[in-house]
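Novice: Sharing input.csv (CSV, N, CA and C atoms) below.
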chain,number,residue,atom,x,y,z
A,1,MET,N,-63.1,-63.0,-9.9
A,1,MET,CA,-63.8,-62.2,-8.9
A,1,MET,C,-62.8,-61.2,-8.2
A,2,ILE,N,-63.3,-60.0,-8.0
A,2,ILE,CA,-62.4,-59.0,-7.4
A,2,ILE,C,-62.4,-59.2,-5.9
A,3,PRO,N,-61.3,-59.2,-5.2
A,3,PRO,CA,-61.2,-59.5,-3.8
A,3,PRO,C,-61.9,-58.3,-3.0
A,4,MET,N,-62.5,-58.7,-1.9
A,4,MET,CA,-63.0,-57.7,-1.0
A,4,MET,C,-61.9,-56.8,-0.4
A,5,MET,N,-62.2,-55.6,0.1
A,5,MET,CA,-61.1,-54.7,0.5
A,5,MET,C,-60.3,-55.3,1.7
A,6,TYR,N,-61.0,-56.0,2.6
A,6,TYR,CA,-60.2,-56.6,3.7
A,6,TYR,C,-59.3,-57.7,3.3
A,7,GLU,N,-59.6,-58.4,2.2
A,7,GLU,CA,-58.7,-59.4,1.6
A,7,GLU,C,-57.6,-58.7,0.9
A,8,ARG,N,-57.8,-57.5,0.3
A,8,ARG,CA,-56.7,-56.8,-0.3
A,8,ARG,C,-55.7,-56.3,0.7
A,9,VAL,N,-56.2,-55.9,1.9
A,9,VAL,CA,-55.3,-55.4,3.0
A,9,VAL,C,-54.5,-56.6,3.5
A,10,ARG,N,-55.2,-57.8,3.6
A,10,ARG,CA,-54.5,-59.0,4.0
A,10,ARG,C,-53.4,-59.3,3.0
A,11,ASN,N,-53.7,-59.2,1.7
A,11,ASN,CA,-52.7,-59.5,0.7
A,11,ASN,C,-51.5,-58.5,0.8
A,12,MET,N,-51.8,-57.3,1.0
A,12,MET,CA,-50.7,-56.3,1.1
A,12,MET,C,-49.8,-56.6,2.3
A,13,PHE,N,-50.4,-56.9,3.4
A,13,PHE,CA,-49.7,-57.1,4.7
A,13,PHE,C,-48.9,-58.4,4.5
A,14,GLY,N,-49.4,-59.4,3.8
A,14,GLY,CA,-48.7,-60.7,3.6
A,14,GLY,C,-47.5,-60.5,2.7
A,15,GLU,N,-47.7,-59.8,1.6
A,15,GLU,CA,-46.6,-59.5,0.7
A,15,GLU,C,-45.5,-58.7,1.4
A,16,ALA,N,-45.8,-57.9,2.3
A,16,ALA,CA,-44.8,-57.0,3.0
A,16,ALA,C,-44.2,-57.8,4.2
A,17,GLY,N,-44.6,-59.0,4.5
A,17,GLY,CA,-44.1,-59.8,5.6
A,17,GLY,C,-44.6,-59.5,6.9
A,18,LEU,N,-45.7,-58.7,7.0
A,18,LEU,CA,-46.3,-58.3,8.3
A,18,LEU,C,-47.1,-59.3,9.0
A,19,THR,N,-47.4,-60.4,8.3
A,19,THR,CA,-48.2,-61.5,8.9
A,19,THR,C,-47.3,-62.7,9.3
A,20,VAL,N,-46.0,-62.6,9.1
A,20,VAL,CA,-45.1,-63.7,9.5
A,20,VAL,C,-45.2,-63.9,11.0
A,21,GLY,N,-45.4,-65.1,11.4
A,21,GLY,CA,-45.5,-65.5,12.8
A,21,GLY,C,-46.9,-65.5,13.3
A,22,PHE,N,-47.9,-65.2,12.4
A,22,PHE,CA,-49.3,-65.1,12.8
A,22,PHE,C,-50.1,-66.1,12.0
A,23,THR,N,-51.1,-66.7,12.6
A,23,THR,CA,-52.1,-67.4,11.9
A,23,THR,C,-53.1,-66.4,11.4
A,24,VAL,N,-53.2,-66.3,10.1
A,24,VAL,CA,-54.1,-65.3,9.5
A,24,VAL,C,-55.5,-65.9,9.3
A,25,GLN,N,-56.5,-65.1,9.8
A,25,GLN,CA,-57.9,-65.5,9.7
A,25,GLN,C,-58.7,-64.3,9.1
A,26,MET,N,-59.8,-64.7,8.6
A,26,MET,CA,-60.7,-63.7,7.9
A,26,MET,C,-62.0,-63.7,8.6
A,27,LEU,N,-62.6,-62.5,8.8
A,27,LEU,CA,-63.9,-62.1,9.3
A,27,LEU,C,-64.1,-62.3,10.8
A,28,MET,N,-63.8,-63.5,11.3
A,28,MET,CA,-64.0,-63.7,12.7
A,28,MET,C,-62.8,-64.5,13.3
A,29,TYR,N,-62.6,-64.2,14.6
A,29,TYR,CA,-61.5,-65.0,15.3
A,29,TYR,C,-62.0,-66.4,15.6
A,30,ASP,N,-61.1,-67.3,15.3
A,30,ASP,CA,-61.4,-68.7,15.6
A,30,ASP,C,-60.2,-69.2,16.4
A,31,ASP,N,-60.4,-69.6,17.7
A,31,ASP,CA,-59.3,-70.0,18.5
A,31,ASP,C,-58.6,-71.2,17.9
A,32,PRO,N,-57.3,-71.0,17.6
A,32,PRO,CA,-56.5,-72.1,17.0
A,32,PRO,C,-56.3,-73.3,17.9
A,33,GLY,N,-56.6,-73.2,19.1
A,33,GLY,CA,-56.5,-74.3,20.0
A,33,GLY,C,-55.1,-74.5,20.6
A,34,ASP,N,-54.2,-73.6,20.2
A,34,ASP,CA,-52.8,-73.6,20.7
A,34,ASP,C,-52.5,-72.2,21.2
A,35,LYS,N,-52.3,-72.1,22.5
A,35,LYS,CA,-52.1,-70.8,23.1
A,35,LYS,C,-50.7,-70.1,22.7
A,36,SER,N,-49.8,-70.9,22.1
A,36,SER,CA,-48.5,-70.4,21.6
A,36,SER,C,-48.6,-69.7,20.3
A,37,LYS,N,-49.8,-69.8,19.6
A,37,LYS,CA,-49.9,-69.2,18.3
A,37,LYS,C,-50.6,-67.8,18.4
A,38,ALA,N,-49.9,-66.8,17.7
A,38,ALA,CA,-50.5,-65.5,17.6
A,38,ALA,C,-51.4,-65.5,16.3
A,39,VAL,N,-52.4,-64.6,16.4
A,39,VAL,CA,-53.4,-64.6,15.3
A,39,VAL,C,-53.6,-63.2,14.8
A,40,MET,N,-53.9,-63.1,13.5
A,40,MET,CA,-54.2,-61.8,12.9
A,40,MET,C,-55.5,-62.0,12.1
A,41,VAL,N,-56.5,-61.2,12.5
A,41,VAL,CA,-57.8,-61.3,11.8
A,41,VAL,C,-58.1,-60.0,11.0
A,42,PHE,N,-58.5,-60.2,9.8
A,42,PHE,CA,-58.9,-59.1,8.8
A,42,PHE,C,-60.4,-59.2,8.6
A,43,ARG,N,-61.0,-58.0,8.8
A,43,ARG,CA,-62.5,-57.9,8.6
A,43,ARG,C,-62.9,-56.5,8.1
A,44,PRO,N,-64.1,-56.5,7.4
A,44,PRO,CA,-64.6,-55.2,7.0
A,44,PRO,C,-65.2,-54.4,8.2
A,45,ASN,N,-65.2,-53.1,8.1
A,45,ASN,CA,-65.8,-52.3,9.2
A,45,ASN,C,-66.5,-51.0,8.6
A,46,GLY,N,-67.3,-51.2,7.5
A,46,GLY,CA,-68.0,-50.2,7.0
A,46,GLY,C,-67.2,-49.2,6.1
A,47,GLY,N,-67.8,-48.0,5.9
A,47,GLY,CA,-67.1,-47.1,5.0
A,47,GLY,C,-68.1,-46.1,4.5
A,48,SER,N,-67.8,-45.4,3.4
A,48,SER,CA,-68.6,-44.4,2.8
A,48,SER,C,-69.5,-45.1,1.7
A,49,PRO,N,-70.5,-44.4,1.2
A,49,PRO,CA,-71.3,-45.0,0.1
A,49,PRO,C,-70.4,-45.5,-1.1
A,50,ILE,N,-70.8,-46.6,-1.7
A,50,ILE,CA,-70.0,-47.1,-2.8
A,50,ILE,C,-70.8,-46.8,-4.1
A,51,ARG,N,-70.2,-46.0,-5.0
A,51,ARG,CA,-70.9,-45.6,-6.2
A,51,ARG,C,-70.0,-45.9,-7.4
A,52,ASP,N,-70.6,-46.1,-8.5
A,52,ASP,CA,-69.9,-46.3,-9.8
A,52,ASP,C,-69.1,-45.0,-10.1
A,53,ASN,N,-67.9,-45.2,-10.6
A,53,ASN,CA,-67.1,-44.1,-11.2
A,53,ASN,C,-66.7,-43.0,-10.2
A,54,LEU,N,-66.8,-43.3,-8.9
A,54,LEU,CA,-66.4,-42.4,-7.8
A,54,LEU,C,-65.6,-43.1,-6.8
A,55,GLY,N,-64.7,-42.4,-6.1
A,55,GLY,CA,-63.9,-43.0,-5.1
A,55,GLY,C,-64.7,-43.3,-3.9
A,56,SER,N,-64.4,-44.4,-3.2
A,56,SER,CA,-65.1,-44.7,-1.9
A,56,SER,C,-64.1,-45.0,-0.8
A,57,GLU,N,-64.6,-44.9,0.4
A,57,GLU,CA,-63.7,-45.1,1.6
A,57,GLU,C,-64.2,-46.4,2.2
A,58,TYR,N,-63.2,-47.3,2.3
A,58,TYR,CA,-63.5,-48.6,2.9
A,58,TYR,C,-62.7,-48.7,4.3
A,59,PHE,N,-63.4,-49.1,5.3
A,59,PHE,CA,-62.8,-49.3,6.6
A,59,PHE,C,-62.5,-50.8,6.8
A,60,VAL,N,-61.3,-51.1,7.3
A,60,VAL,CA,-60.9,-52.5,7.5
A,60,VAL,C,-60.3,-52.6,9.0
A,61,LEU,N,-60.8,-53.5,9.7
A,61,LEU,CA,-60.2,-53.8,11.0
A,61,LEU,C,-59.2,-54.9,10.9
A,62,VAL,N,-58.1,-54.8,11.6
A,62,VAL,CA,-57.1,-55.8,11.7
A,62,VAL,C,-56.9,-56.1,13.2
A,63,ASP,N,-57.3,-57.2,13.7
A,63,ASP,CA,-57.1,-57.6,15.1
A,63,ASP,C,-55.7,-58.3,15.2
A,64,VAL,N,-54.8,-57.8,16.0
A,64,VAL,CA,-53.6,-58.4,16.3
A,64,VAL,C,-53.7,-59.1,17.6
A,65,ILE,N,-53.7,-60.4,17.7
A,65,ILE,CA,-53.9,-61.1,18.9
A,65,ILE,C,-52.6,-61.9,19.3
A,66,SER,N,-52.1,-61.6,20.5
A,66,SER,CA,-50.9,-62.2,20.9
A,66,SER,C,-51.0,-63.6,21.3
A,67,ALA,N,-49.9,-64.4,21.2
A,67,ALA,CA,-49.8,-65.7,21.8
A,67,ALA,C,-49.8,-65.5,23.3
A,68,LYS,N,-50.3,-66.4,24.0
A,68,LYS,CA,-50.3,-66.3,25.5
A,68,LYS,C,-48.9,-66.1,26.0
A,69,ASP,N,-48.7,-65.0,26.9
A,69,ASP,CA,-47.4,-64.7,27.5
A,69,ASP,C,-46.4,-64.2,26.5
A,70,ARG,N,-46.8,-63.7,25.3
A,70,ARG,CA,-45.9,-63.2,24.3
A,70,ARG,C,-46.4,-61.8,23.9
A,71,ARG,N,-46.8,-61.0,24.8
A,71,ARG,CA,-47.4,-59.7,24.6
A,71,ARG,C,-46.4,-58.7,23.8
A,72,THR,N,-45.1,-58.8,24.2
A,72,THR,CA,-44.2,-57.8,23.5
A,72,THR,C,-44.1,-58.1,22.0
A,73,ASP,N,-44.3,-59.4,21.6
A,73,ASP,CA,-44.2,-59.7,20.2
A,73,ASP,C,-45.4,-59.0,19.5
A,74,ALA,N,-46.6,-59.0,20.1
A,74,ALA,CA,-47.7,-58.4,19.5
A,74,ALA,C,-47.5,-56.8,19.4
A,75,VAL,N,-47.0,-56.3,20.5
A,75,VAL,CA,-46.7,-54.8,20.4
A,75,VAL,C,-45.7,-54.5,19.3
A,76,ALA,N,-44.7,-55.3,19.1
A,76,ALA,CA,-43.7,-55.0,18.1
A,76,ALA,C,-44.4,-55.2,16.7
A,77,ALA,N,-45.3,-56.2,16.5
A,77,ALA,CA,-46.0,-56.4,15.3
A,77,ALA,C,-46.9,-55.2,14.9
A,78,VAL,N,-47.6,-54.7,15.9
A,78,VAL,CA,-48.5,-53.6,15.8
A,78,VAL,C,-47.7,-52.3,15.3
A,79,GLN,N,-46.5,-52.1,15.9
A,79,GLN,CA,-45.7,-50.9,15.5
A,79,GLN,C,-45.2,-51.1,14.1
A,80,LYS,N,-44.8,-52.3,13.8
A,80,LYS,CA,-44.3,-52.6,12.4
A,80,LYS,C,-45.4,-52.3,11.4
A,81,ILE,N,-46.6,-52.7,11.7
A,81,ILE,CA,-47.7,-52.5,10.8
A,81,ILE,C,-48.0,-51.0,10.6
A,82,ILE,N,-48.0,-50.3,11.7
A,82,ILE,CA,-48.3,-48.8,11.6
A,82,ILE,C,-47.2,-48.1,10.8
A,83,ASP,N,-45.9,-48.5,11.1
A,83,ASP,CA,-44.8,-47.9,10.4
A,83,ASP,C,-44.9,-48.2,8.9
A,84,TYR,N,-45.2,-49.4,8.6
A,84,TYR,CA,-45.2,-49.8,7.1
A,84,TYR,C,-46.3,-49.0,6.4
A,85,VAL,N,-47.5,-49.0,7.0
A,85,VAL,CA,-48.6,-48.3,6.3
A,85,VAL,C,-48.3,-46.8,6.2
A,86,GLN,N,-47.7,-46.2,7.2
A,86,GLN,CA,-47.4,-44.8,7.2
A,86,GLN,C,-46.3,-44.5,6.1
A,87,ALA,N,-45.4,-45.4,5.9
A,87,ALA,CA,-44.3,-45.2,4.9
A,87,ALA,C,-44.8,-45.6,3.5
A,88,ASN,N,-45.9,-46.4,3.4
A,88,ASN,CA,-46.3,-46.9,2.0
A,88,ASN,C,-47.8,-46.7,1.8
A,89,PRO,N,-48.3,-45.5,1.9
A,89,PRO,CA,-49.8,-45.3,1.8
A,89,PRO,C,-50.3,-45.5,0.4
A,90,LEU,N,-49.4,-45.5,-0.6
A,90,LEU,CA,-49.8,-45.8,-2.0
A,90,LEU,C,-49.1,-47.0,-2.5
A,91,GLY,N,-48.7,-47.9,-1.6
A,91,GLY,CA,-47.8,-49.1,-1.9
A,91,GLY,C,-48.5,-50.2,-2.7
A,92,ASP,N,-49.9,-50.1,-2.8
A,92,ASP,CA,-50.6,-51.2,-3.5
A,92,ASP,C,-51.7,-50.6,-4.3
A,93,GLU,N,-51.7,-50.8,-5.6
A,93,GLU,CA,-52.7,-50.2,-6.5
A,93,GLU,C,-54.1,-50.8,-6.3
A,94,CYS,N,-54.2,-52.0,-5.7
A,94,CYS,CA,-55.5,-52.6,-5.4
A,94,CYS,C,-56.2,-52.0,-4.2
A,95,LEU,N,-55.4,-51.2,-3.4
A,95,LEU,CA,-56.0,-50.6,-2.2
A,95,LEU,C,-56.3,-49.1,-2.4
A,96,GLY,N,-55.6,-48.5,-3.4
A,96,GLY,CA,-55.7,-47.1,-3.5
A,96,GLY,C,-54.8,-46.5,-2.4
A,97,TYR,N,-55.4,-45.6,-1.6
A,97,TYR,CA,-54.6,-44.9,-0.5
A,97,TYR,C,-55.0,-45.6,0.8
A,98,ILE,N,-54.1,-46.1,1.6
A,98,ILE,CA,-54.4,-46.7,2.9
A,98,ILE,C,-53.8,-45.8,4.0
A,99,GLN,N,-54.5,-45.7,5.0
A,99,GLN,CA,-54.0,-45.0,6.2
A,99,GLN,C,-54.6,-45.6,7.5
A,100,ASN,N,-53.9,-45.4,8.6
A,100,ASN,CA,-54.3,-45.9,9.9
A,100,ASN,C,-55.3,-44.8,10.4
A,101,ILE,N,-56.4,-45.3,11.1
A,101,ILE,CA,-57.3,-44.4,11.7
A,101,ILE,C,-57.2,-44.7,13.2
A,102,GLY,N,-57.1,-43.7,14.0
A,102,GLY,CA,-57.1,-43.9,15.5
A,102,GLY,C,-55.8,-44.4,16.1
A,103,SER,N,-54.7,-44.4,15.3
A,103,SER,CA,-53.4,-44.7,15.9
A,103,SER,C,-53.4,-46.1,16.5
A,104,ILE,N,-52.8,-46.3,17.6
A,104,ILE,CA,-52.8,-47.6,18.3
A,104,ILE,C,-53.7,-47.5,19.5
A,105,PRO,N,-54.8,-48.3,19.5
A,105,PRO,CA,-55.8,-48.3,20.6
A,105,PRO,C,-55.2,-49.0,21.8
A,106,PRO,N,-55.9,-48.8,22.9
A,106,PRO,CA,-55.5,-49.6,24.1
A,106,PRO,C,-55.8,-51.0,23.9
A,107,PRO,N,-54.9,-51.9,24.3
A,107,PRO,CA,-55.2,-53.3,24.2
A,107,PRO,C,-56.2,-53.8,25.2
A,108,VAL,N,-56.8,-54.9,24.8
A,108,VAL,CA,-57.8,-55.6,25.7
A,108,VAL,C,-57.2,-57.0,25.9
A,109,LEU,N,-57.6,-57.6,27.0
A,109,LEU,CA,-57.2,-59.0,27.3
A,109,LEU,C,-58.3,-60.0,27.1
A,110,THR,N,-58.0,-61.1,26.5
A,110,THR,CA,-59.0,-62.2,26.4
A,110,THR,C,-59.1,-62.9,27.7
A,111,GLU,N,-60.0,-63.8,27.9
A,111,GLU,CA,-60.1,-64.6,29.1
A,111,GLU,C,-58.9,-65.5,29.3
A,112,ASP,N,-58.2,-65.9,28.3
A,112,ASP,CA,-57.0,-66.7,28.4
A,112,ASP,C,-55.7,-65.9,28.4
A,113,ASN,N,-55.8,-64.6,28.7
A,113,ASN,CA,-54.7,-63.7,28.8
A,113,ASN,C,-53.9,-63.4,27.5
A,114,ARG,N,-54.6,-63.5,26.4
A,114,ARG,CA,-54.1,-63.0,25.1
A,114,ARG,C,-54.4,-61.5,25.0
A,115,MET,N,-53.4,-60.7,24.5
A,115,MET,CA,-53.6,-59.3,24.3
A,115,MET,C,-54.1,-59.1,22.9
A,116,VAL,N,-55.1,-58.2,22.8
A,116,VAL,CA,-55.7,-57.9,21.5
A,116,VAL,C,-55.6,-56.4,21.2
A,117,PHE,N,-55.0,-56.1,20.0
A,117,PHE,CA,-55.0,-54.7,19.5
A,117,PHE,C,-56.0,-54.7,18.3
A,118,ARG,N,-56.9,-53.8,18.2
A,118,ARG,CA,-57.8,-53.7,17.1
A,118,ARG,C,-57.4,-52.4,16.3
A,119,LEU,N,-56.7,-52.7,15.2
A,119,LEU,CA,-56.3,-51.6,14.4
A,119,LEU,C,-57.3,-51.3,13.3
A,120,GLN,N,-57.6,-50.0,13.0
A,120,GLN,CA,-58.5,-49.7,11.9
A,120,GLN,C,-57.8,-48.9,10.8
A,121,PHE,N,-58.1,-49.3,9.6
A,121,PHE,CA,-57.5,-48.6,8.4
A,121,PHE,C,-58.6,-48.2,7.5
A,122,SER,N,-58.3,-47.1,6.8
A,122,SER,CA,-59.1,-46.5,5.8
A,122,SER,C,-58.4,-46.7,4.4
A,123,CYS,N,-59.2,-47.3,3.5
A,123,CYS,CA,-58.7,-47.4,2.1
A,123,CYS,C,-59.5,-46.6,1.2
A,124,ASN,N,-59.0,-45.6,0.5
A,124,ASN,CA,-59.7,-44.8,-0.5
A,124,ASN,C,-59.4,-45.4,-1.8
A,125,PHE,N,-60.5,-45.9,-2.5
A,125,PHE,CA,-60.3,-46.6,-3.8
A,125,PHE,C,-61.4,-46.2,-4.7
A,126,GLY,N,-61.1,-46.1,-6.0
A,126,GLY,CA,-62.1,-45.8,-7.0
A,126,GLY,C,-61.8,-46.4,-8.3
A,127,ASP,N,-62.8,-46.9,-9.0
A,127,ASP,CA,-62.7,-47.5,-10.3
A,127,ASP,C,-63.1,-46.5,-11.4
Can you turn what I pasted into structure tokens?

Specialist:
Amino acid sequence: MIPMMYERVRNMFGEAGLTVGFTVQMLMYDDPGDKSKAVMVFRPNGGSPIRDNLGSEYFVLVDVISAKDRRTDAVAAVQKIIDYVQANPLGDECLGYIQNIGSIPPPVLTEDNRMVFRLQFSCNFGD
């Protein structure tokens, strides 16, 4: 089975070492029950129409969620992700061309004081 695009982004980030120090989750955030653990969630976020033999644009959201009271670690991870994608837009043939959309958005806080950055990426891919 061919992986979904958000899974391909997760694979690329994992192989590049961008998920080190994070509990990786798919589709939805599930509180790990330990406030000292940072979490990274990969999920789809729409895109362009998908047609045979034509390129399509897939949007992927990556939520970078800090451990409690470790906000600077999340900020550093976000910048590392942005820098890596910018330097390697064609670094994975399973993704096609990947780029960040919207730069770095303002963070939001959870009820338990975790900081969340919601990064969006566009992957242009065609078979």

Novice: In Å, with one decimal, what is the gap from atom N of Ser122 of chain A to atom C of Pro32 of chain A?

Specialist: 28.5 Å

Novice: For Lys37 of chain A, which residue out of A:Leu95, A:Leu90, A:Ile65, A:Leu119 is the nearest one, using only N, CA and C atoms?

Specialist: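 Among the listed residues, the smallest separation from Lys37 of chain A belongs to A:Ile65.
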
Novice: Quote the spacing between atom C of Arg51 of chain A and atom CA of Pro89 of chain A in Å to one decimal place.

Specialist: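 Between atom C of Arg51 of chain A and atom CA of Pro89 of chain A the gap works out to 22.2 Å.
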
Novice: Going by DSSP on the backbone, which residues of chain A come out as strand (DSSP E or B)? List them as number ranges by chain.

Specialist: A: 22-26, 38-47, 56-65, 97-101, 108-109, 115-125

Novice: Can you list, as a ChimeraX atom specification, every protein, DNA or RNA residue that comes within 8 Å of segment 77-86 of chain A when you count only N, CA and C atoms, leaving out same-chain residues fewer than 5 positions away?

Specialist: /A:13,18,64,71-72,91,98-100,103-104,117

Novice: DSSP on the backbone: which residues in chain A end up as helix (DSSP H, G or I)? Give the answer as number ranges by chain.

Specialist: A: 5-15, 71-87

Novice: What does the structure give for the distance between atom N of Arg8 of chain A and atom C of Cys94 of chain A, in Å to one decimal?

Specialist: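 Atom C of Cys94 of chain A lies at a distance of 7.3 Å from atom N of Arg8 of chain A.
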
Novice: Grab all the atoms of segment 29-43 of chain A that the file lists, wrap them in a box along x, y and z, add 8 Å per side, and give me centre plus edge lengths in Å (one decimal) as JSON.

Specialist:
{"center_x": -55.7, "center_y": -65.5, "center_z": 15.6, "size_x": 30.4, "size_y": 34.0, "size_z": 31.0}

Novice: So that I can check the surroundings of Gly47 of chain A, please list as a count of residues only every protein, DNA and RNA residue that reaches within 6 Å of it, counting only N, CA and C atoms and ignoring chain neighbours fewer than 5 positions away.

Specialist: 3

Novice: Give me the residues near Ser36 of chain A as a PyMOL selection string, where near means some atom within 8 Å (using all atoms listed in the file) and where sequence neighbours in that chain fewer than 3 positions away do not count.

Specialist: chain A and resi 33+39+66-70

Novice: Could you check the closest approach to Val62 of chain A for each of A:Tyr97, A:Tyr29, A:Phe42, A:Tyr6 and tell me which residue wins, using all atoms listed in the file?

Specialist: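 Closest to Val62 of chain A of all the choices is A:Phe42.
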
Novice: Have a look at A:Arg10, A:Leu27, A:Ile50, A:Lys35 and name the one nearest to Phe121 of chain A; count only C-alpha atoms.

Specialist: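 For Phe121 of chain A, the nearest of the given residues is A:Arg10.
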
Novice: Find the residue from A:Pro3, A:Ala76, A:Met12, A:Val60 that sits nearest to Arg118 of chain A; use all atoms listed in the file when measuring.

Specialist: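 Checking each candidate against Arg118 of chain A, we get A:Val60 as the closest.
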
Novice: Select, from A:Pro49, A:Ser56, A:Phe22, A:Asp63, the residue with the minimum atom-to-atom distance to Met115 of chain A, counting only N, CA and C atoms.

Specialist: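 With only N, CA and C atoms as the atom set, the closest residue is A:Asp63.
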